[in-house]
file input_38.pdb (PDB, C-alpha atoms, pLDDT in the B column)
ATOM      1  CA  MET A   1     -23.579-204.857  11.194  1.00 81.00           C
ATOM      2  CA  TRP A   2     -23.409-201.061  10.713  1.00 82.00           C
ATOM      3  CA  TYR A   3     -26.247-201.235   8.176  1.00 87.00           C
ATOM      4  CA  TYR A   4     -28.635-202.589  10.795  1.00 88.00           C
ATOM      5  CA  LEU A   5     -27.324-200.293  13.540  1.00 91.00           C
ATOM      6  CA  PHE A   6     -28.123-197.286  11.360  1.00 89.00           C
ATOM      7  CA  LYS A   7     -31.487-198.785  10.414  1.00 92.00           C
ATOM      8  CA  TYR A   8     -32.725-199.686  13.872  1.00 92.00           C
ATOM      9  CA  ILE A   9     -30.777-197.474  16.292  1.00 93.00           C
ATOM     10  CA  PHE A  10     -28.866-194.486  14.915  1.00 92.00           C
ATOM     11  CA  MET A  11     -31.167-193.223  12.126  1.00 93.00           C
ATOM     12  CA  GLY A  12     -34.283-195.379  11.967  1.00 95.00           C
ATOM     13  CA  PRO A  13     -36.105-194.009  15.039  1.00 96.00           C
ATOM     14  CA  ALA A  14     -35.602-190.384  13.918  1.00 94.00           C
ATOM     15  CA  LEU A  15     -36.749-191.185  10.380  1.00 94.00           C
ATOM     16  CA  ARG A  16     -39.875-192.874  11.719  1.00 96.00           C
ATOM     17  CA  LEU A  17     -40.627-189.884  13.930  1.00 95.00           C
ATOM     18  CA  MET A  18     -40.276-187.395  11.079  1.00 94.00           C
ATOM     19  CA  GLY A  19     -41.989-189.375   8.347  1.00 95.00           C
ATOM     20  CA  ARG A  20     -44.400-191.691  10.193  1.00 96.00           C
ATOM     21  CA  PRO A  21     -43.830-194.140   7.318  1.00 97.00           C
ATOM     22  CA  ARG A  22     -45.970-197.082   6.347  1.00 97.00           C
ATOM     23  CA  ILE A  23     -45.493-199.679   3.633  1.00 98.00           C
ATOM     24  CA  GLU A  24     -48.160-201.188   1.412  1.00 98.00           C
ATOM     25  CA  GLY A  25     -47.672-204.430  -0.528  1.00 98.00           C
ATOM     26  CA  LEU A  26     -44.654-205.708   1.392  1.00 98.00           C
ATOM     27  CA  GLU A  27     -45.715-209.262   0.477  1.00 98.00           C
ATOM     28  CA  ASN A  28     -44.627-208.510  -3.106  1.00 98.00           C
ATOM     29  CA  ILE A  29     -40.975-208.461  -2.051  1.00 97.00           C
ATOM     30  CA  PRO A  30     -39.562-212.013  -1.877  1.00 96.00           C
ATOM     31  CA  LYS A  31     -38.153-213.108   1.471  1.00 95.00           C
ATOM     32  CA  ASP A  32     -35.049-214.487  -0.221  1.00 95.00           C
ATOM     33  CA  GLY A  33     -33.428-214.650  -3.641  1.00 95.00           C
ATOM     34  CA  ALA A  34     -32.588-211.974  -6.181  1.00 96.00           C
ATOM     35  CA  ALA A  35     -35.017-209.237  -7.147  1.00 96.00           C
ATOM     36  CA  LEU A  36     -34.659-205.950  -8.989  1.00 97.00           C
ATOM     37  CA  ILE A  37     -36.456-202.939  -7.510  1.00 98.00           C
ATOM     38  CA  ALA A  38     -37.467-200.018  -9.724  1.00 98.00           C
ATOM     39  CA  SER A  39     -38.384-196.915  -7.724  1.00 98.00           C
ATOM     40  CA  ASN A  40     -39.404-193.386  -8.531  1.00 98.00           C
ATOM     41  CA  HIS A  41     -37.015-190.794  -7.123  1.00 95.00           C
ATOM     42  CA  MET A  42     -38.498-187.795  -5.346  1.00 93.00           C
ATOM     43  CA  ALA A  43     -35.810-186.848  -2.816  1.00 90.00           C
ATOM     44  CA  VAL A  44     -32.512-187.855  -1.232  1.00 86.00           C
ATOM     45  CA  VAL A  45     -34.348-189.538   1.632  1.00 90.00           C
ATOM     46  CA  ASP A  46     -35.847-192.110  -0.767  1.00 93.00           C
ATOM     47  CA  SER A  47     -32.640-194.080  -0.251  1.00 91.00           C
ATOM     48  CA  PHE A  48     -33.216-193.996   3.518  1.00 92.00           C
ATOM     49  CA  TYR A  49     -36.936-194.672   3.822  1.00 96.00           C
ATOM     50  CA  LEU A  50     -37.005-197.544   1.345  1.00 96.00           C
ATOM     51  CA  PRO A  51     -34.361-199.632   3.214  1.00 95.00           C
ATOM     52  CA  LEU A  52     -35.981-198.623   6.512  1.00 96.00           C
ATOM     53  CA  MET A  53     -39.323-200.156   5.524  1.00 97.00           C
ATOM     54  CA  VAL A  54     -38.065-203.314   3.789  1.00 97.00           C
ATOM     55  CA  PRO A  55     -36.773-206.048   6.137  1.00 96.00           C
ATOM     56  CA  ARG A  56     -34.169-207.329   3.651  1.00 95.00           C
ATOM     57  CA  ARG A  57     -31.015-205.388   2.929  1.00 94.00           C
ATOM     58  CA  ILE A  58     -31.168-203.343  -0.278  1.00 95.00           C
ATOM     59  CA  PHE A  59     -28.182-202.400  -2.428  1.00 93.00           C
ATOM     60  CA  PHE A  60     -27.971-199.273  -4.608  1.00 91.00           C
ATOM     61  CA  LEU A  61     -25.607-198.117  -7.344  1.00 82.00           C
ATOM     62  CA  ALA A  62     -24.085-194.745  -6.434  1.00 76.00           C
ATOM     63  CA  LYS A  63     -21.766-192.341  -8.224  1.00 71.00           C
ATOM     64  CA  SER A  64     -18.118-192.865  -7.294  1.00 69.00           C
ATOM     65  CA  GLU A  65     -17.770-189.197  -6.262  1.00 71.00           C
ATOM     66  CA  TYR A  66     -19.422-190.146  -2.971  1.00 66.00           C
ATOM     67  CA  PHE A  67     -16.421-192.362  -2.211  1.00 74.00           C
ATOM     68  CA  THR A  68     -13.497-190.228  -3.421  1.00 75.00           C
ATOM     69  CA  GLU A  69     -13.876-186.915  -1.577  1.00 80.00           C
ATOM     70  CA  LYS A  70     -10.749-185.828   0.299  1.00 84.00           C
ATOM     71  CA  GLY A  71     -10.294-185.177   3.988  1.00 86.00           C
ATOM     72  CA  LEU A  72     -12.079-186.360   7.114  1.00 85.00           C
ATOM     73  CA  LYS A  73     -15.497-185.577   5.642  1.00 80.00           C
ATOM     74  CA  GLY A  74     -14.648-187.594   2.562  1.00 79.00           C
ATOM     75  CA  ARG A  75     -13.509-190.591   4.579  1.00 82.00           C
ATOM     76  CA  PHE A  76     -16.714-190.447   6.623  1.00 81.00           C
ATOM     77  CA  LYS A  77     -18.845-190.321   3.456  1.00 75.00           C
ATOM     78  CA  LYS A  78     -17.003-193.298   1.985  1.00 78.00           C
ATOM     79  CA  TRP A  79     -17.510-195.315   5.183  1.00 81.00           C
ATOM     80  CA  PHE A  80     -21.165-194.323   5.508  1.00 78.00           C
ATOM     81  CA  PHE A  81     -22.128-195.061   1.913  1.00 76.00           C
ATOM     82  CA  SER A  82     -20.223-198.349   1.932  1.00 76.00           C
ATOM     83  CA  THR A  83     -21.886-199.582   5.118  1.00 77.00           C
ATOM     84  CA  SER A  84     -25.329-198.471   3.906  1.00 73.00           C
ATOM     85  CA  GLY A  85     -25.253-200.697   0.819  1.00 72.00           C
ATOM     86  CA  GLN A  86     -24.113-198.201  -1.830  1.00 80.00           C
ATOM     87  CA  ILE A  87     -21.918-199.594  -4.613  1.00 79.00           C
ATOM     88  CA  PRO A  88     -19.599-197.017  -6.278  1.00 74.00           C
ATOM     89  CA  ILE A  89     -19.885-196.587 -10.048  1.00 74.00           C
ATOM     90  CA  ASP A  90     -17.460-194.479 -12.091  1.00 68.00           C
ATOM     91  CA  ARG A  91     -19.617-192.595 -14.586  1.00 61.00           C
ATOM     92  CA  SER A  92     -16.858-190.568 -16.226  1.00 60.00           C
ATOM     93  CA  GLY A  93     -15.434-193.094 -18.696  1.00 56.00           C
ATOM     94  CA  ALA A  94     -16.764-194.435 -21.970  1.00 54.00           C
ATOM     95  CA  SER A  95     -17.479-197.792 -20.328  1.00 66.00           C
ATOM     96  CA  ALA A  96     -19.446-196.288 -17.428  1.00 65.00           C
ATOM     97  CA  ALA A  97     -22.785-197.767 -18.513  1.00 71.00           C
ATOM     98  CA  ALA A  98     -21.312-201.237 -19.041  1.00 79.00           C
ATOM     99  CA  ASP A  99     -19.538-201.097 -15.657  1.00 78.00           C
ATOM    100  CA  ALA A 100     -22.785-200.139 -13.932  1.00 80.00           C
ATOM    101  CA  LEU A 101     -24.611-203.018 -15.591  1.00 85.00           C
ATOM    102  CA  LEU A 102     -21.924-205.488 -14.526  1.00 88.00           C
ATOM    103  CA  ALA A 103     -22.020-204.243 -10.934  1.00 87.00           C
ATOM    104  CA  GLY A 104     -25.796-204.536 -10.839  1.00 90.00           C
ATOM    105  CA  LYS A 105     -25.756-208.046 -12.275  1.00 92.00           C
ATOM    106  CA  LYS A 106     -23.189-209.111  -9.658  1.00 93.00           C
ATOM    107  CA  VAL A 107     -25.544-208.037  -6.842  1.00 94.00           C
ATOM    108  CA  LEU A 108     -28.351-210.105  -8.347  1.00 96.00           C
ATOM    109  CA  GLU A 109     -26.116-213.113  -8.957  1.00 95.00           C
ATOM    110  CA  ASP A 110     -25.406-213.089  -5.229  1.00 95.00           C
ATOM    111  CA  GLY A 111     -29.159-213.432  -4.568  1.00 96.00           C
ATOM    112  CA  ARG A 112     -29.622-209.892  -3.205  1.00 96.00           C
ATOM    113  CA  LEU A 113     -32.026-207.004  -3.681  1.00 97.00           C
ATOM    114  CA  LEU A 114     -30.860-204.286  -6.059  1.00 96.00           C
ATOM    115  CA  CYS A 115     -32.680-200.952  -6.333  1.00 95.00           C
ATOM    116  CA  LEU A 116     -32.313-198.620  -9.307  1.00 94.00           C
ATOM    117  CA  TYR A 117     -33.960-195.288 -10.052  1.00 94.00           C
ATOM    118  CA  PRO A 118     -34.847-195.564 -13.753  1.00 95.00           C
ATOM    119  CA  GLU A 119     -35.364-191.794 -14.052  1.00 95.00           C
ATOM    120  CA  GLY A 120     -31.617-191.449 -13.380  1.00 89.00           C
ATOM    121  CA  THR A 121     -31.975-188.433 -11.100  1.00 89.00           C
ATOM    122  CA  ARG A 122     -34.420-186.876  -8.649  1.00 91.00           C
ATOM    123  CA  SER A 123     -37.589-185.410 -10.088  1.00 94.00           C
ATOM    124  CA  PRO A 124     -37.221-181.618 -10.252  1.00 91.00           C
ATOM    125  CA  ASP A 125     -40.932-180.940  -9.741  1.00 92.00           C
ATOM    126  CA  GLY A 126     -42.673-184.034  -8.374  1.00 93.00           C
ATOM    127  CA  ARG A 127     -43.618-185.450 -11.773  1.00 96.00           C
ATOM    128  CA  LEU A 128     -42.473-188.827 -13.120  1.00 98.00           C
ATOM    129  CA  TYR A 129     -39.980-188.630 -15.968  1.00 97.00           C
ATOM    130  CA  LYS A 130     -38.908-190.920 -18.819  1.00 97.00           C
ATOM    131  CA  GLY A 131     -36.931-193.945 -17.687  1.00 97.00           C
ATOM    132  CA  LYS A 132     -33.470-194.915 -18.857  1.00 94.00           C
ATOM    133  CA  THR A 133     -33.051-198.427 -20.230  1.00 94.00           C
ATOM    134  CA  GLY A 134     -30.192-199.742 -18.077  1.00 91.00           C
ATOM    135  CA  LEU A 135     -32.607-201.335 -15.605  1.00 94.00           C
ATOM    136  CA  ALA A 136     -34.410-203.106 -18.449  1.00 96.00           C
ATOM    137  CA  ARG A 137     -31.108-204.450 -19.775  1.00 94.00           C
ATOM    138  CA  ILE A 138     -30.233-205.917 -16.373  1.00 95.00           C
ATOM    139  CA  ALA A 139     -33.691-207.462 -16.005  1.00 96.00           C
ATOM    140  CA  LEU A 140     -33.551-209.050 -19.456  1.00 96.00           C
ATOM    141  CA  GLU A 141     -29.997-210.341 -19.129  1.00 95.00           C
ATOM    142  CA  THR A 142     -30.566-211.892 -15.702  1.00 95.00           C
ATOM    143  CA  GLY A 143     -34.213-212.944 -15.998  1.00 95.00           C
ATOM    144  CA  THR A 144     -34.850-211.226 -12.660  1.00 95.00           C
ATOM    145  CA  PRO A 145     -38.377-210.003 -11.863  1.00 94.00           C
ATOM    146  CA  VAL A 146     -38.807-206.248 -11.485  1.00 98.00           C
ATOM    147  CA  ILE A 147     -40.668-204.941  -8.438  1.00 98.00           C
ATOM    148  CA  PRO A 148     -42.054-201.407  -8.909  1.00 98.00           C
ATOM    149  CA  ILE A 149     -42.048-199.225  -5.800  1.00 98.00           C
ATOM    150  CA  ALA A 150     -43.518-195.744  -5.505  1.00 98.00           C
ATOM    151  CA  MET A 151     -42.227-193.415  -2.821  1.00 97.00           C
ATOM    152  CA  VAL A 152     -44.979-190.991  -1.777  1.00 97.00           C
ATOM    153  CA  GLY A 153     -44.379-187.896   0.352  1.00 95.00           C
ATOM    154  CA  THR A 154     -40.585-187.851   0.388  1.00 94.00           C
ATOM    155  CA  ASP A 155     -40.581-184.697  -1.735  1.00 92.00           C
ATOM    156  CA  ARG A 156     -42.427-182.932   1.073  1.00 92.00           C
ATOM    157  CA  ILE A 157     -40.099-184.043   3.845  1.00 89.00           C
ATOM    158  CA  ASN A 158     -36.967-183.233   1.848  1.00 72.00           C
ATOM    159  CA  PRO A 159     -37.791-180.803  -1.007  1.00 72.00           C
ATOM    160  CA  PRO A 160     -34.958-180.142  -3.501  1.00 65.00           C
ATOM    161  CA  GLY A 161     -32.654-177.426  -2.209  1.00 71.00           C
ATOM    162  CA  THR A 162     -33.583-177.827   1.466  1.00 73.00           C
ATOM    163  CA  VAL A 163     -31.388-179.098   4.291  1.00 73.00           C
ATOM    164  CA  LEU A 164     -33.618-179.398   7.351  1.00 76.00           C
ATOM    165  CA  PRO A 165     -36.366-182.070   7.133  1.00 79.00           C
ATOM    166  CA  ARG A 166     -40.035-181.148   7.333  1.00 85.00           C
ATOM    167  CA  PRO A 167     -42.195-183.671   9.216  1.00 87.00           C
ATOM    168  CA  THR A 168     -44.846-185.257   6.996  1.00 92.00           C
ATOM    169  CA  ARG A 169     -46.303-188.699   6.167  1.00 95.00           C
ATOM    170  CA  ILE A 170     -44.318-191.147   3.989  1.00 96.00           C
ATOM    171  CA  VAL A 171     -45.907-194.061   2.146  1.00 98.00           C
ATOM    172  CA  VAL A 172     -43.955-196.810   0.374  1.00 98.00           C
ATOM    173  CA  ARG A 173     -46.157-198.602  -2.162  1.00 98.00           C
ATOM    174  CA  VAL A 174     -44.883-201.928  -3.476  1.00 98.00           C
ATOM    175  CA  GLY A 175     -46.469-203.227  -6.662  1.00 98.00           C
ATOM    176  CA  GLU A 176     -46.702-206.779  -7.943  1.00 98.00           C
ATOM    177  CA  PRO A 177     -43.544-208.128  -9.632  1.00 98.00           C
ATOM    178  CA  LEU A 178     -43.322-207.535 -13.382  1.00 98.00           C
ATOM    179  CA  ASP A 179     -42.345-210.620 -15.398  1.00 95.00           C
ATOM    180  CA  PHE A 180     -40.485-210.027 -18.659  1.00 96.00           C
ATOM    181  CA  SER A 181     -39.664-213.661 -19.435  1.00 95.00           C
ATOM    182  CA  ARG A 182     -41.569-213.266 -22.722  1.00 95.00           C
ATOM    183  CA  TYR A 183     -38.586-211.262 -23.936  1.00 96.00           C
ATOM    184  CA  GLU A 184     -36.002-213.918 -23.048  1.00 93.00           C
ATOM    185  CA  GLY A 185     -32.907-213.678 -25.221  1.00 93.00           C
ATOM    186  CA  MET A 186     -33.800-210.196 -26.508  1.00 95.00           C
ATOM    187  CA  ALA A 187     -31.504-208.111 -24.304  1.00 92.00           C
ATOM    188  CA  GLY A 188     -29.662-205.622 -26.482  1.00 92.00           C
ATOM    189  CA  ASN A 189     -32.645-204.901 -28.688  1.00 96.00           C
ATOM    190  CA  ARG A 190     -33.209-201.214 -28.052  1.00 95.00           C
ATOM    191  CA  PHE A 191     -36.896-201.387 -28.981  1.00 97.00           C
ATOM    192  CA  ILE A 192     -37.551-204.216 -26.537  1.00 97.00           C
ATOM    193  CA  GLU A 193     -35.564-202.475 -23.786  1.00 97.00           C
ATOM    194  CA  ARG A 194     -37.561-199.293 -24.364  1.00 97.00           C
ATOM    195  CA  ALA A 195     -40.833-201.246 -24.226  1.00 97.00           C
ATOM    196  CA  VAL A 196     -39.795-202.902 -20.945  1.00 98.00           C
ATOM    197  CA  THR A 197     -38.717-199.557 -19.481  1.00 98.00           C
ATOM    198  CA  ASP A 198     -41.984-197.889 -20.476  1.00 98.00           C
ATOM    199  CA  GLU A 199     -43.969-200.720 -18.866  1.00 98.00           C
ATOM    200  CA  ILE A 200     -42.010-200.215 -15.641  1.00 98.00           C
ATOM    201  CA  MET A 201     -42.619-196.457 -15.721  1.00 98.00           C
ATOM    202  CA  TYR A 202     -46.340-197.023 -16.325  1.00 98.00           C
ATOM    203  CA  ALA A 203     -46.465-199.266 -13.245  1.00 98.00           C
ATOM    204  CA  LEU A 204     -44.722-196.562 -11.191  1.00 98.00           C
ATOM    205  CA  MET A 205     -47.155-193.940 -12.470  1.00 98.00           C
ATOM    206  CA  ARG A 206     -50.124-196.091 -11.455  1.00 97.00           C
ATOM    207  CA  LEU A 207     -48.668-196.780  -8.005  1.00 98.00           C
ATOM    208  CA  GLY A 208     -47.620-193.240  -7.121  1.00 97.00           C
ATOM    209  CA  GLY A 209     -50.241-191.224  -8.965  1.00 96.00           C
ATOM    210  CA  GLN A 210     -47.619-188.926 -10.493  1.00 97.00           C
ATOM    211  CA  GLN A 211     -48.071-187.109 -13.768  1.00 97.00           C
ATOM    212  CA  TYR A 212     -45.827-188.676 -16.430  1.00 97.00           C
ATOM    213  CA  VAL A 213     -43.532-186.563 -18.610  1.00 96.00           C
ATOM    214  CA  ASP A 214     -41.993-188.209 -21.686  1.00 95.00           C
ATOM    215  CA  VAL A 215     -38.608-186.489 -21.429  1.00 95.00           C
ATOM    216  CA  TYR A 216     -35.522-187.281 -19.355  1.00 95.00           C
ATOM    217  CA  ALA A 217     -35.380-185.412 -16.060  1.00 93.00           C
ATOM    218  CA  ALA A 218     -31.642-184.844 -16.460  1.00 88.00           C
ATOM    219  CA  SER A 219     -32.244-183.064 -19.785  1.00 86.00           C
ATOM    220  CA  LEU A 220     -34.713-180.729 -18.111  1.00 83.00           C
ATOM    221  CA  LYS A 221     -32.312-180.030 -15.254  1.00 77.00           C
ATOM    222  CA  ASN A 222     -29.457-179.326 -17.647  1.00 79.00           C
ATOM    223  CA  ALA A 223     -31.633-176.978 -19.661  1.00 74.00           C
ATOM    224  CA  ASP A 224     -32.499-175.123 -16.471  1.00 67.00           C
ATOM    225  CA  GLY A 225     -28.892-175.056 -15.301  1.00 57.00           C
ATOM    226  CA  GLY A 226     -29.451-177.747 -12.668  1.00 43.00           C
ATOM    227  CA  ALA A 227     -26.979-180.351 -11.495  1.00 39.00           C
ATOM    228  CA  LYS A 228     -26.316-183.209 -13.874  1.00 38.00           C
ATOM    229  CA  THR A 229     -27.088-186.622 -12.454  1.00 39.00           C
ATOM    230  CA  ALA A 230     -26.944-189.882 -14.400  1.00 41.00           C
ATOM    231  CA  ALA A 231     -27.954-193.494 -13.948  1.00 49.00           C
ATOM    232  CA  PRO A 232     -27.137-196.719 -15.768  1.00 54.00           C
ATOM    233  CA  THR A 233     -28.233-196.608 -19.383  1.00 52.00           C
ATOM    234  CA  ALA A 234     -27.968-199.646 -21.584  1.00 54.00           C
ATOM    235  CA  PRO A 235     -24.965-199.502 -23.924  1.00 47.00           C
ATOM    236  CA  ALA A 236     -25.922-198.714 -27.486  1.00 42.00           C
ATOM    237  CA  ALA A 237     -27.267-201.733 -29.349  1.00 42.00           C
ATOM    238  CA  LYS A 238     -25.124-203.128 -32.132  1.00 39.00           C
ATOM    239  CA  PRO A 239     -26.353-202.731 -35.709  1.00 32.00           C
ATOM    240  CA  GLY A 240     -28.937-205.376 -36.413  1.00 37.00           C
ATOM    241  CA  ASP A 241     -29.911-205.881 -32.766  1.00 39.00           C
ATOM    242  CA  ALA A 242     -33.114-203.944 -33.232  1.00 34.00           C
ATOM    243  CA  ALA A 243     -34.348-205.805 -36.276  1.00 29.00           C
TER
END

call {"tool": "encode", "arguments": {"input": "input_38.pdb", "output": "structure tokens"}}
result
Amino acid sequence: MWYYLFKYIFMGPALRLMGRPRIEGLENIPKDGAALIASNHMAVVDSFYLPLMVPRRIFFLAKSEYFTEKGLKGRFKKWFFSTSGQIPIDRSGASAAADALLAGKKVLEDGRLLCLYPEGTRSPDGRLYKGKTGLARIALETGTPVIPIAMVGTDRINPPGTVLPRPTRIVVRVGEPLDFSRYEGMAGNRFIERAVTDEIMYALMRLGGQQYVDVYAASLKNADGGAKTAAPTAPAAKPGDAA
């Protein structure tokens, strides 16, 4: 209930006023059944405008720190992120990647929409960065189609390091589903997972018109002293998997 109250009453009208959003290719999102969304990640508000423009509820994987902060503020954050479709993932342990993959697969098994940001963190400069392979692993293990979505303009309404929004025009571009059934039974092969990930990133580049950079955004941020942000990465393949 709270998800739709935020979407249509508490936050949605203000978001529409600030971003004047429109969506292109909505017909590419199935009206029911499981689907895996791969989106570029330009700003924090990506996770607000994408659910706003898609009629179906979308679930995201989020770092567990959003749910464990102390005090009144922490309890509010936990409630807000829970009601808005965020699923907490503990990224501190050795099994963090496997736990994230299991959580994502559970969402899809329930016939829902799951959105992942394959770059693993927000773009530091508006360019599109190398994708991590966790999304590919989920797609291959579940046989779920991948729907590429490019968020355009969110970096202008919510540039990194800013607090107050800047009114602009947001466009959500939904591409045609990508079918990877030709790789059935090949999950765990790191070369196949990299090929699938690169195909997804190419589709995002075509949709959003971003310049592609073949390095991980998190590596660039760490080198510059930025905040470290991670996303599901496929567990290392066992010896012989990549034959």

call {"tool": "residues_around", "arguments": {"input": "input_38.pdb", "residues": "Gly208 of chain A", "least_positions_apart": "6", "cutoff": "9 Å", "atoms": "all atoms listed in the file", "output": "MDAnalysis selection string"}}
result
chainID A and resid 40 149:152 173

call {"tool": "atom_distance", "arguments": {"input": "input_38.pdb", "atom1": "atom CA of Pro124 of chain A", "atom2": "atom CA of Tyr202 of chain A"}}
result
18.9 Å

call {"tool": "atom_distance", "arguments": {"input": "input_38.pdb", "atom1": "atom CA of Arg206 of chain A", "atom2": "atom CA of Val171 of chain A"}}
result
14.4 Å

call {"tool": "resolve_selection", "arguments": {"input": "input_38.pdb", "expression": "the PyMOL selection byres ((chain A and resi 58) around 9)", "output": "PyMOL selection string"}}
result
chain A and resi 37+50-51+54-57+59-60+84-86+112-115

call {"tool": "resolve_selection", "arguments": {"input": "input_38.pdb", "expression": "the PyMOL selection byres ((chain A and resi 182) around 12)", "output": "list of chain:residue names"}}
result
A:Ala139, A:Leu140, A:Gly143, A:Pro145, A:Leu178, A:Asp179, A:Phe180, A:Ser181, A:Tyr183, A:Glu184, A:Gly185, A:Met186, A:Ala187, A:Ile192, A:Val196

call {"tool": "residues_near_point", "arguments": {"input": "input_38.pdb", "point": "(-41.3, -205.9, 0.5)", "cutoff": "8 Å", "atoms": "all atoms listed in the file", "output": "PyMOL selection string"}}
result
chain A and resi 25-31+53-56+174

call {"tool": "closest_atom_pairs", "arguments": {"input": "input_38.pdb", "of": "segment 123-156 of chain A", "to": "segment 214-217 of chain A", "cutoff": "9 Å", "atoms": "only C-alpha atoms", "output": "tab-separated table"}}
result
residue	atom	partner	partner_atom	distance
A:Ser123	CA	A:Ala217	CA	6.4
A:Pro124	CA	A:Ala217	CA	7.2
A:Leu128	CA	A:Ala217	CA	8.4
A:Tyr129	CA	A:Ala217	CA	5.6
A:Lys130	CA	A:Tyr216	CA	5.0
A:Gly131	CA	A:Tyr216	CA	7.0
A:Lys132	CA	A:Tyr216	CA	7.9

call {"tool": "atom_distance", "arguments": {"input": "input_38.pdb", "atom1": "atom CA of Gly33 of chain A", "atom2": "atom CA of Arg137 of chain A"}}
result
19.2 Å

call {"tool": "residues_around", "arguments": {"input": "input_38.pdb", "residues": "Pro165 of chain A", "least_positions_apart": "4", "cutoff": "10 Å", "atoms": "only C-alpha atoms", "output": "VMD selection string"}}
result
chain A and resid 15 18 to 19 45 154 156 to 159

call {"tool": "closest_residue", "arguments": {"input": "input_38.pdb", "among": "A:Tyr8, A:Asp125, A:Arg166, A:Asp99", "to": "Lys63 of chain A", "atoms": "all atoms listed in the file"}}
result
A:Asp99

call {"tool": "closest_residue", "arguments": {"input": "input_38.pdb", "among": "A:Leu220, A:Thr142, A:Leu61, A:Pro118", "to": "Glu199 of chain A", "atoms": "all atoms listed in the file"}}
result
A:Pro118

call {"tool": "closest_residue", "arguments": {"input": "input_38.pdb", "among": "A:Asp46, A:Ala34, A:Glu176, A:Val163", "to": "Asp110 of chain A", "atoms": "all atoms listed in the file"}}
result
A:Ala34

call {"tool": "closest_residue", "arguments": {"input": "input_38.pdb", "among": "A:Lys7, A:Arg190, A:Lys70, A:Arg169", "to": "Thr83 of chain A", "atoms": "only C-alpha atoms"}}
result
A:Lys7

call {"tool": "resolve_selection", "arguments": {"input": "input_38.pdb", "expression": "the PyMOL selection byres ((chain A and resi 68) around 12)", "output": "VMD selection string"}}
result
chain A and resid 62 to 67 69 to 79 81 to 82 88 to 90

call {"tool": "axis_aligned_box", "arguments": {"input": "input_38.pdb", "around": "segment 170-187 of chain A", "padding_each_side": "5 Å", "output": "lines of an AutoDock Vina configuration file"}}
result
center_x = -39.1
center_y = -202.5
center_z = -11.3
size_x = 25.2
size_y = 32.8
size_z = 40.5

call {"tool": "closest_residue", "arguments": {"input": "input_38.pdb", "among": "A:Ala35, A:Leu102, A:Leu52, A:Leu207", "to": "Phe6 of chain A", "atoms": "only C-alpha atoms"}}
result
A:Leu52

call {"tool": "closest_residue", "arguments": {"input": "input_38.pdb", "among": "A:Gly188, A:Pro167, A:Gly153, A:Gly120", "to": "Ala136 of chain A", "atoms": "all atoms listed in the file"}}
result
A:Gly188
